[in-house]
Structure formats: structure tokens, C-alpha cells
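Enquirer: Pasting a structure below so you can have a look.
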Amino acid sequence: MKKIFVFLTLMLFVVGAVAGCGGAKEKVELTVSAAASLQDVTGELKEIYEKQHSGVTITYNLASSGALQQQIEQGAPADLFISAGKSQMDALAGKGLIVDSSRKDLLGNELVLVAGKDSALTGFEGLTDASVKRISTGDPDTVPAGQYAKETLTSLKLWDQLQPKMVPAKDVRQVLTYVETGDVEAGLVYRTDAAISKDVKIVAAAPAGSNKPIVYPMAVIKSTKNQKEAEAFAAFLQSDDAVKVFEKYGFKVLK
Amino acid sequence: MFAQLTDWYPVLLSVRVAVIATVVVTCLGLPVSRLLARGEFFGKDVLEAVITLPLVLPPSVVGYGLLILIGKNGLLGKMLAELGVTLIFTWWAAVIASTVVAFPLMYQSAKAAFKSVDINFEKAARTLGASELRIFFTITLPLAWPGILAGLVLTFARALGEFGATLMVAGNIPGQTQTIPLAIYFAVGAGKNEMARTLVAVITVFSFIVIYWVNRWAKKHQN
Amino acid sequence: MLEVRISKKLWHFNLELEVKIDNQILVLWGPSGAGKTTTLHCLAGLLKPSDGFIKLNAQVLFSSDEKIDVPTRLRNVGYLFQNYALFPHMTVRQNVLYGLRGKRRAGTSGVDAVELLNSFGVGHLIERYPGQLSGGERQRVALARALVVQPQLLLLDEPFSALDKSTRESLRQEVKKLHRQWKIPFVLVSHDEEDAQFLGDLIVSLENGRFRGDSLQAVSVQ
């Protein structure tokens with residue numbers, strides 16, 4: 001008797017799990033590969049959009065832009081790609097993997113220097129001080145924020161000098177964690193990331209022109225099976241409703 | 001490809017980290033699993049659950065936990081800082097990360113191995129005047145050896161491939177803490193596919209040789 | 001001289017034993033589960049009685065009143081386990097010599113291991129592994145291993161149960177002869193009536209008191 005009960009319960013779980021997948025054919029699932037720095041704002045946007053469009057579910061794939069680019073190149077199924085850097089999008093365009101007409105520069109951001117709340121750091125020059133033992137930025141080869149950080153520090157003639165103190169991270173979130181826990185004395189992140197964290201303070205903004213303009217290009221992936229829905233979501237991201245949300249999180253919206 | 005000598009650094013570092021982690025795991029793991037295999041004491045189940053935790057948690061979660069523990073402001077980190085020791089962002093952090101994630105593997109293998117040793121052998125040895133330590137080294141350990149060897153291989157393999165926790169606490173500092181798995185990840189992310197492929201080949205061949213050779217040796221030893 | 005008065009709380013009943021023997025063979029007789037092996041374990045120090053005392057010659061091995069509990073390895077009590085427990089990864093030689101390592105044993109006008117094995121008729125097997133021996137051979141090696149350290153008491157747990165009838169009978173004779181030679185008390189556990197009758201200078205029968213909390217009745221035979 002007990003065995004039958006256990007068996008039935010298990011079957012119920014299996015059926016439930018299977019039913020969870022597949023589901024009604026009418027619901028479209030959009031996979032949006034987005035840069036890690038968009039982690040928080042995307043949550044709110046998803047809620048708004050899904051409320052207005054009950055037939056669509058948005059699934060986010062958040063990672064560093066370099067990793068996302070690699071995934072798409074290797075054929076990972078994504079419908080929309082929002083990168084934190086131009087070069088990753090250019091690479092995909094060069095390989096013919098995006099719908100060129102859908103490419104738009106969606107957002108802008110600013111690079112800032114952050115430190116722990118109790119830090120005595122006052123600016124970029126202070127980074128060479130002995131009291132600053134470790135600095136973290138994204139890995140310049142894979143993380144756009146890291147590339148911008150390298151550009152800024154190079155233009156300030158600090159890049160080579162600071163190399164021994166550098167801890168390259170796999171994305172901006174990791175940089176934030178290091179600064180928050182006090183394991184590095186300073187980090188370079190986007191202004192939007194610094195705004196989210198309660199345990200860090202912005203010491204200074206990257207001087208204007210010290211790095212290439214930080215632009216978040218967006219494009220529909222050519223291999224998408226849901227082109228119409230992807231384009232509709234992309235249009236939504238440029239709508240007034242979305243703009244309000246982006247600006248709330250500190251992003252610059254490009255028109 | 002592996003043009004410069006420095007390109008070999010991740011390989012040497014990974015092997016060094018994996019070997020040390022395996023040694024540490026063995027020295028700590030064998031006594032602990034021996035104790036929990038036979039002993040009954042208050043809190044035993046809780047201890048076991050804690051030991052097994054890194055096995056079920058994602059490595060990045062383990063990494064974050066370690067960061068909080070041995071980071072500059074962590075409980076242990078602060079104490080060590082007083083002694084002038086910093087673990088974070090050094091290859092020792094990589095050793096710690098590998099040790100923590102591999103420990104439950106050795107623990108489970110060893111515990112099963114110890115349990116499989118007929119307790120009458122240990123009792124007989126006791127009546128013949130042997131101390132517990134002598135019994136452990138002359139009776140229990142030799143009879144449990146095949147299971148423990150399996151644990152050793154698992155531990156080494158896990159330590160060699162550790163990524164998530166290592167990335168958190170050791171960081172990916174080329175020439176200092178960049179192990180093979182980290183090097184592969186960042187090579188792929190940067191589009192350096194050839195380098196990535198070479199590293200993957202190296203680690204696969206190396207692991208294969210180690211596992212094959214250890215199993216051959218174990219079989220010979222059995223007879 | 002072995003003096004025992006112990007009680008031990010077991011699953012369903014209380015084991016109680018009170019017995020005093022000289023250099024005799026004491027047989028604990030009864031069906032399985034009655035607590036015979038537990039008794040042997042208590043004598044050897046592998047289990048702790050709830051209450052009582054165990055005195056072997058001049059030494060108190062256990063006393064609940066005086067809070068004495070000598071650990072097994074210091075009791076100098078030989079134990080022949082039911083399945084002999086010969087170390088499978090060691091040769092006969094290594095098995096028998098195992099107890100002789102350590103300062104306590106060395107230097108005493110010791111019994112030579114090889115001679116002992118020869119006297120049991122298994123000397124030629126000295127380089128073999130236990131897995132290569134027959135049941136009777138294993139039993140004799142196990143006996144040699146237990147005796148070579150010159151124990152003051154020998155415990156035997158169902159020493160003949162794994163053997164066939166003819167081996168059983170000849171080994172029974174050997175055990176009796178052994179006892180007369182070694183002049184130490186033997187405590188032998190068996191469920192076989194013939195074993196008890198043949199070997200026991202003193203037989204204690206364990207009633208199946210699992211649910212009735214019986215204590216033992218010492219019955220002296222001959």
C-alpha cells in the first residue's frame with residue numbers, strides 16, 4: 001500500500017515537471033542575453049512587459065558581454081542581445097549573426113571609481129598610494145567595463161603603474177562584491193552598479209573623454225525563432241515606459 | 001599557442017594547487033571519516049551535513065562563503081591579517097577553495113571504505129594488544145585502501161577542475177592565481193580559442209594519464 | 001582464576017552472570033541471541049557491563065564500584081572470534097606475529113611462533129594468506145595467534161560452528177588438550193550440546209530469557 005502511494009506521488013511530480021515545460025503552445029518564450037550590469041533593471045522591465053503581453057515570457061541570460069558573444073557565436077539560442085560594449089556586437093555583426101536593421105544603440109552609462117564607505121580615497125590619483133593594496137576592474141579582454149577602465153587608466157597614465165595591484169574580475173558584479181567586502185580598496189564599475197550597492201561610495205567619475213563612449217548596443221539575433229516578438233520587445237525597450245525605468249536606475253537613454 | 005614559458009604557468013599552478021589540496025584533504029579527511037564511520041556522538045548528523053554541504057552548493061556560493069570567511073573583513077581573515085597573512089587573491093586561496101569543495105568527496109569515499117572493513121578485525125587487533133593508532137595504520141587503512149584510493153582520484157580531479165570558488169577567492173590574476181580552468185574561461189571569453197583548446201587538451205590528457213596510471217597501480221597492488 | 005559478577009542491560013533482557021573458575025574450561029551454553037557473545041565481549045573489554053566486576057588472577061579488569069575499566073589491549077585476554085578474524089591482507093606468519101610487536105611481549109621468555117604453529121600442524125602454511133586456508137587450518141592459526149602472546153585467559157566464540165563433523169570432533173580434542181597444556185581458564189561459547197558436554201569443566205546455561213528477564217543458572221557438571 002505504502003509503495004503504491006510513493007509511486008503515485010512520484011508520478012505526480014514527474015507529470016507536474018513535464019507539464020511545466022512545453023506547456024501551452026501559445027506562450028512565447030523570449031531569451032534575452034544581456035550584459036551583467038543590466039541585472040537589476042531588467043527584472044522590473046520584465047514585470048511590466050509580461051503584464052502587458054500575457055502571451056510572452058522573458059527569460060534573461062546575464063553574463064559578461066564577452067561570454068554572451070561567445071555563446072551566440074557557438075549557436076546558443078538567444079533572441080535578443082544587449083551588450084555593454086560595441087566590440088562584442090561588431091564581432092557578431094561581422095559574422096552575420098544579427099539582424100542588421102534591428103541594431104540600435106540603446107543605453108549609455110558612465111564609468112566611476114568606487115571604494116568602501118569608510119575609504120579615505122578622494123580620486124584616481126590616490127590609487128597609487130600605498131594604502132590602496134588591491135584594485136579590481138573587469139577583465140579587459142572579456143568585460144567591456146574592464147576595457148573602458150583600461151582606457152581611462154591609460155589616459156590618466158596610471159594603467160602600467162597599477163598592474164601589480166590589479167585583480168581582474170569576470171564581471172562588474174564581482175568587482176562590486178570585492179569592494180563591498182573590503183577585499184579590494186577600490187574598483188571601477190558603472191555608475192548604475194554603484195547606485196545599487198549600499199556599501200560602496202562613488203569617489204570620482206572617469207574624466208570625460210578618458211574612455212570611448214559607453215554604449216549598450218542591442219540587436220535581434222538572426223537565428224531567432226521569434227523574430228516578431230523579439231522586435232516587439234526591442235521596441236518596448238525604447239518606449240517611454242521603459243525609458244522611465246532605465247533612468248530610474250541611472251542609465252542614460254540614447255535616442 | 002604555448003609560445004612563451006609563461007603560457008605554461010596555469011598548468012604548473014593547477015597541478016601544484018591540486019596536489020597540495022589532495023594532501024590536505026587526505027590528512028584531514030581520513031581521521032574525520034574514520035571517526036564518523038564508527039563513532040556515535042552528539043551532533044554527529046549535523047557535522048556530517050556541514051561536511052557534505054559544499055557538495056550540493058554551487059561552487060560560486062561556496063566561493064562567496066569563503067570570501068566572507070577569509071576575506072579582509074572576514075572572521076578568519078581578520079585574525080590572519082593580524083599575523084600578517086593575507087590569503088585572498090593568492091594561490092593559497094585557490095588551495096583552500098579546492099580543499100573545501102573536494103573534501104566531501106574524500107569523506108564519503110573514505111567513510112564507506114572504513115565502514116566496509118569488518119569490525120571484528122579491529123576487535124581482534126585490540127585483543128592482541130595493539131593501540132588504536134596502530135590498528136588504524138596496520139589494519140583499517142590497508143583494508144580500506146581501494147575505497148580510499150578512489151577518493152584520492154576523485155579529490156585530485158575535483159581540485160584540478162575547480163573554478164567557481166577559486167575565481168571568487170583567488171581571483172584570476174595571470175601569473176599568480178590563474179589556474180587552468182580560469183585560464184580556459186577567460187581565453188574563451190576573449191575569443192582566444194586556440195589557447196583555450198590547447199589548455200583543454202592539456203588538462204584532459206593530464207587527468208586521463210593520472211587516473212589511468214593510478215587505477216593500473218591499484219589493480220597490481222590488489223594481488 | 002577468573003572471578004566474574006556482571007550485569008548488562010541488553011535489548012529485551014538483563015544479562016547477569018556470576019561465576020568463579022580456576023584454570024578450567026567454562027562453557028557458556030545456549031541458543032543464539034541469548035547474550036553469549038556479549039558476555040565474551042565484556043570479559044575482553046570490548047563492551048562495558050552496566051554493573052559488577054571482573055577479576056583475573058590478581059588484577060581487577062573491571063569494577064563499576066571502583067570505576068576501573070582496563071582497556072582491551074592491556075587485559076592480556078586472548079580471543080578466538082567466531083569467524084576467526086584472521087587479517088586477510090597478512091600472511092599466517094604476520095598474523096601470528098602481530099601481537100608480539102610491542103615491548104610488553106618482546107623479551108619475555110616467549111613462545112616461539114613457528115614452534116607453536118608446528119605443534120598445531122599448520123607450520124607449513126606460514127607464508128600463505130588466510131584466504132588460501134581451509135576452515136580447520138584457519139581455526140588453528142587463529143588459536144596460535146591468540147596464544148602466542150601468552151594470555152591469562154582465552155575466550156572462544158563458537159569455535160567449531162563453521163566446521164564439518166569430523167573436523168569438529170578432532171578439534172574438540174585438540175582444544176581440550178591445549179587447555180591442559182596451557183593451564184589458563186578458557187571461556188567457550190557454544191550452542192552445541194555435545195561441545196558443552198565434552199569440553200565443559202563447568203557449564204553455564206543461558207536460558208532464553210529474552211522476554212522474561214531470566215538470570216543464569218550455574219550448573220556444575222561432573
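Each chain of the C-alpha cells is named A, B, ... in the order shown, its residues numbered from 1; ligands are numbered from 1 in display order.
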Using the chain letters and numbers from this document, which residues of range 66-228 of chain A does DSSP assign to alpha helix (DSSP H), as number ranges by chain?
Expert: A: 66-73, 86-94, 144-155, 159-162, 172-180, 191-196, 227-228
Enquirer: Include N, CA and C atoms and write out the residues we just selected as a short mmCIF file (atom, residue, chain, number, x, y, z; two decimals), in the first residue's frame.
Expert:
```cif
data_model
loop_
_atom_site.label_atom_id
_atom_site.label_comp_id
_atom_site.auth_asym_id
_atom_site.auth_seq_id
_atom_site.Cartn_x
_atom_site.Cartn_y
_atom_site.Cartn_z
N GLY A 66 31.39 39.55 -23.22
CA GLY A 66 32.29 38.66 -23.95
C GLY A 66 31.79 37.23 -23.92
N ALA A 67 31.37 36.79 -22.72
CA ALA A 67 30.87 35.42 -22.60
C ALA A 67 29.62 35.23 -23.44
N LEU A 68 28.72 36.24 -23.41
CA LEU A 68 27.48 36.14 -24.18
C LEU A 68 27.77 36.08 -25.67
N GLN A 69 28.72 36.91 -26.09
CA GLN A 69 29.08 36.91 -27.51
C GLN A 69 29.55 35.53 -27.92
N GLN A 70 30.41 34.92 -27.12
CA GLN A 70 30.92 33.58 -27.40
C GLN A 70 29.78 32.58 -27.50
N GLN A 71 28.85 32.69 -26.58
CA GLN A 71 27.72 31.75 -26.59
C GLN A 71 26.95 31.85 -27.89
N ILE A 72 26.67 33.09 -28.32
CA ILE A 72 25.88 33.28 -29.55
C ILE A 72 26.67 32.77 -30.74
N GLU A 73 27.97 33.02 -30.74
CA GLU A 73 28.79 32.54 -31.84
C GLU A 73 28.76 31.02 -31.92
N LYS A 86 30.65 47.91 -27.70
CA LYS A 86 30.47 47.88 -29.15
C LYS A 86 31.17 46.67 -29.76
N SER A 87 32.39 46.37 -29.29
CA SER A 87 33.19 45.37 -29.99
C SER A 87 32.52 44.01 -30.05
N GLN A 88 31.80 43.66 -28.98
CA GLN A 88 31.14 42.35 -28.99
C GLN A 88 30.05 42.30 -30.05
N MET A 89 29.27 43.41 -30.15
CA MET A 89 28.22 43.46 -31.16
C MET A 89 28.82 43.49 -32.55
N ASP A 90 29.93 44.27 -32.71
CA ASP A 90 30.60 44.33 -34.01
C ASP A 90 31.04 42.95 -34.45
N ALA A 91 31.57 42.18 -33.50
CA ALA A 91 32.05 40.84 -33.83
C ALA A 91 30.91 39.98 -34.37
N LEU A 92 29.76 40.07 -33.72
CA LEU A 92 28.61 39.27 -34.17
C LEU A 92 28.13 39.75 -35.53
N ALA A 93 28.11 41.09 -35.71
CA ALA A 93 27.68 41.64 -36.99
C ALA A 93 28.59 41.15 -38.10
N GLY A 94 29.90 41.17 -37.79
CA GLY A 94 30.88 40.75 -38.78
C GLY A 94 30.66 39.30 -39.20
N PRO A 144 33.44 44.49 -21.10
CA PRO A 144 33.52 45.86 -21.62
C PRO A 144 33.87 46.88 -20.55
N ALA A 145 33.28 46.72 -19.35
CA ALA A 145 33.60 47.67 -18.28
C ALA A 145 35.09 47.65 -18.00
N GLY A 146 35.70 46.46 -18.15
CA GLY A 146 37.13 46.36 -17.95
C GLY A 146 37.90 47.08 -19.05
N GLN A 147 37.37 46.97 -20.26
CA GLN A 147 38.03 47.65 -21.39
C GLN A 147 37.99 49.16 -21.17
N TYR A 148 36.82 49.67 -20.76
CA TYR A 148 36.70 51.12 -20.51
C TYR A 148 37.62 51.54 -19.37
N ALA A 149 37.71 50.68 -18.34
CA ALA A 149 38.57 51.01 -17.20
C ALA A 149 40.01 51.13 -17.66
N LYS A 150 40.41 50.20 -18.53
CA LYS A 150 41.78 50.24 -19.04
C LYS A 150 42.02 51.52 -19.82
N GLU A 151 41.01 51.89 -20.63
CA GLU A 151 41.16 53.13 -21.41
C GLU A 151 41.32 54.34 -20.50
N THR A 152 40.47 54.40 -19.48
CA THR A 152 40.52 55.54 -18.57
C THR A 152 41.86 55.60 -17.85
N LEU A 153 42.27 54.47 -17.28
CA LEU A 153 43.52 54.45 -16.51
C LEU A 153 44.72 54.71 -17.40
N THR A 154 44.63 54.25 -18.64
CA THR A 154 45.74 54.51 -19.56
C THR A 154 45.83 56.00 -19.88
N SER A 155 44.64 56.61 -20.12
CA SER A 155 44.67 58.04 -20.44
C SER A 155 45.14 58.84 -19.24
N TRP A 159 47.75 53.08 -15.82
CA TRP A 159 47.50 51.66 -16.09
C TRP A 159 48.70 50.77 -15.76
N ASP A 160 49.86 51.11 -16.34
CA ASP A 160 51.02 50.24 -16.13
C ASP A 160 51.43 50.22 -14.66
N GLN A 161 51.38 51.42 -14.07
CA GLN A 161 51.84 51.54 -12.69
C GLN A 161 50.99 50.70 -11.73
N LEU A 162 49.69 50.58 -12.06
CA LEU A 162 48.78 49.89 -11.13
C LEU A 162 48.69 48.39 -11.37
N VAL A 172 31.21 42.95 -13.72
CA VAL A 172 31.18 44.09 -12.81
C VAL A 172 30.62 43.73 -11.45
N ARG A 173 29.71 42.79 -11.43
CA ARG A 173 29.13 42.42 -10.14
C ARG A 173 30.19 41.88 -9.20
N GLN A 174 31.12 41.14 -9.78
CA GLN A 174 32.17 40.59 -8.93
C GLN A 174 33.05 41.71 -8.38
N VAL A 175 33.31 42.72 -9.22
CA VAL A 175 34.10 43.87 -8.77
C VAL A 175 33.41 44.51 -7.56
N LEU A 176 32.10 44.69 -7.70
CA LEU A 176 31.33 45.28 -6.60
C LEU A 176 31.46 44.47 -5.33
N THR A 177 31.33 43.15 -5.47
CA THR A 177 31.44 42.28 -4.29
C THR A 177 32.77 42.46 -3.60
N TYR A 178 33.83 42.52 -4.41
CA TYR A 178 35.16 42.69 -3.81
C TYR A 178 35.26 44.00 -3.03
N VAL A 179 34.70 45.08 -3.61
CA VAL A 179 34.77 46.37 -2.92
C VAL A 179 33.90 46.34 -1.67
N GLU A 180 32.72 45.75 -1.80
CA GLU A 180 31.80 45.69 -0.66
C GLU A 180 32.39 44.93 0.52
N ARG A 191 28.32 53.57 -13.20
CA ARG A 191 27.57 54.37 -12.23
C ARG A 191 26.30 53.64 -11.80
N THR A 192 25.68 52.93 -12.74
CA THR A 192 24.45 52.22 -12.41
C THR A 192 24.70 51.11 -11.39
N ASP A 193 25.86 50.47 -11.44
CA ASP A 193 26.17 49.43 -10.45
C ASP A 193 26.40 50.05 -9.08
N ALA A 194 27.15 51.15 -9.07
CA ALA A 194 27.45 51.80 -7.79
C ALA A 194 26.17 52.24 -7.11
N ALA A 195 25.19 52.66 -7.93
CA ALA A 195 23.92 53.14 -7.35
C ALA A 195 23.20 52.02 -6.61
N ILE A 196 23.31 50.82 -7.10
CA ILE A 196 22.59 49.68 -6.49
C ILE A 196 23.16 49.31 -5.13
N GLN A 227 11.09 36.18 -34.21
CA GLN A 227 11.56 37.50 -34.62
C GLN A 227 10.56 38.59 -34.28
N LYS A 228 9.26 38.34 -34.57
CA LYS A 228 8.27 39.39 -34.33
C LYS A 228 8.25 39.79 -32.85
#
```
Enquirer: Determine which residues of range 7-144 of chain C DSSP labels as strand (DSSP E or B) from the backbone of this structure, then write them out as a VMD selection string.
Expert: chain C and resid 7 to 9 14 to 21 25 to 29 51 to 56 59 to 63 68 to 69 77 to 80
Enquirer: Range 2-111 of chain C near range 95-119 of chain B within 12 Å: what's each residue's closest atom pair and its distance in Å to one decimal, counting only C-alpha atoms, ordered by chain then ascending residue number, as JSON lines?
Expert:
```
{"residue": "C:Leu46", "atom": "CA", "partner": "B:Ile119", "partner_atom": "CA", "distance": 11.3}
{"residue": "C:Phe81", "atom": "CA", "partner": "B:Ile119", "partner_atom": "CA", "distance": 11.3}
{"residue": "C:Asn83", "atom": "CA", "partner": "B:Asp118", "partner_atom": "CA", "distance": 10.9}
{"residue": "C:Tyr84", "atom": "CA", "partner": "B:Asp118", "partner_atom": "CA", "distance": 11.8}
{"residue": "C:Ala85", "atom": "CA", "partner": "B:Asp118", "partner_atom": "CA", "distance": 8.5}
{"residue": "C:Leu86", "atom": "CA", "partner": "B:Asp118", "partner_atom": "CA", "distance": 10.8}
{"residue": "C:Phe87", "atom": "CA", "partner": "B:Asp118", "partner_atom": "CA", "distance": 10.0}
{"residue": "C:Pro88", "atom": "CA", "partner": "B:Asp118", "partner_atom": "CA", "distance": 10.7}
{"residue": "C:His89", "atom": "CA", "partner": "B:Val117", "partner_atom": "CA", "distance": 11.8}
```
Enquirer: Counting only C-alpha atoms, a student should be able to say which residues of chain B come within 7 Å of chain A; what is the right answer, written as a count of residues only?
Expert: 9
Enquirer: One decimal, in Å: what's the spacing between CA of Tyr129 in chain C and CA of Ile135 in chain B?
Expert: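 That distance, rounded to one decimal, is 19.2 Å.
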Enquirer: Give me, as a ChimeraX atom specification, the contact residues of chain C against chain B at a cut-off of 7 Å, counting only C-alpha atoms.
Expert: /C:72-74,77-79,85,87,99
Enquirer: Using only C-alpha atoms, determine which residues lie at most 8 Å from range 16-28 of chain C, disregarding the query and same-chain residues fewer than 4 positions distant; provide the list as an MDAnalysis selection string.
Expert: chainID C and resid 1:8 36 179 183:190 196 199:206 215:216 218
Enquirer: Could you pull the residues within 10 Å of Gln150 in chain C, counting only C-alpha atoms, minus those fewer than 4 positions along the same chain, as a PyMOL selection string?
Expert: chain C and resi 76-78+99-100+105+108+110-111+144-146+154+182+184
Enquirer: Write out as a ChimeraX atom specification each polymer residue whose atoms come within 12 Å of range 207-211 of chain B, counting only C-alpha atoms; drop sequence neighbours fewer than 6 positions from it.
Expert: /B:11,14-15,18-19,149-161,200-201,217-218
Enquirer: Please measure the separation of CA of Asn226 in chain A and CA of Ala34 in chain A, giving the value in Å to one decimal.
Expert: 17.1 Å
Enquirer: Could you list, as a PDB file with C-alpha atoms, in the first residue's frame, every residue within 9 Å of Val56 in chain A, counting only C-alpha atoms and ignoring same-chain residues fewer than 5 positions away?
Expert:
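The resulting out28.pdb:
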```
ATOM      1  CA  GLU A  26       0.617  29.916 -27.483  1.00  0.00           C
ATOM      2  CA  LYS A  27       3.118  31.206 -24.895  1.00  0.00           C
ATOM      3  CA  VAL A  28       6.260  32.528 -26.481  1.00  0.00           C
ATOM      4  CA  GLU A  29       9.487  32.380 -24.512  1.00  0.00           C
ATOM      5  CA  LEU A  30      11.989  35.064 -25.380  1.00  0.00           C
ATOM      6  CA  TYR A  49       6.208  43.799 -20.259  1.00  0.00           C
ATOM      7  CA  GLU A  50       4.772  40.454 -19.201  1.00  0.00           C
ATOM      8  CA  GLU A 229       8.142  39.057 -30.550  1.00  0.00           C
TER       9      GLU A 229
END
```
Enquirer: Report, in Å with one decimal, the straight-line distance from CA of Glu137 in chain C to CA of Gln197 in chain C.
Expert: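 Computing it gives 24.2 Å between the two atoms.
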Enquirer: Show which residues sit within 10 Å of Thr122 in chain A, as a VMD selection string. Count only C-alpha atoms, and ignore same-chain residues fewer than 6 positions away.
Expert: chain A and resid 113 to 115 202 to 204
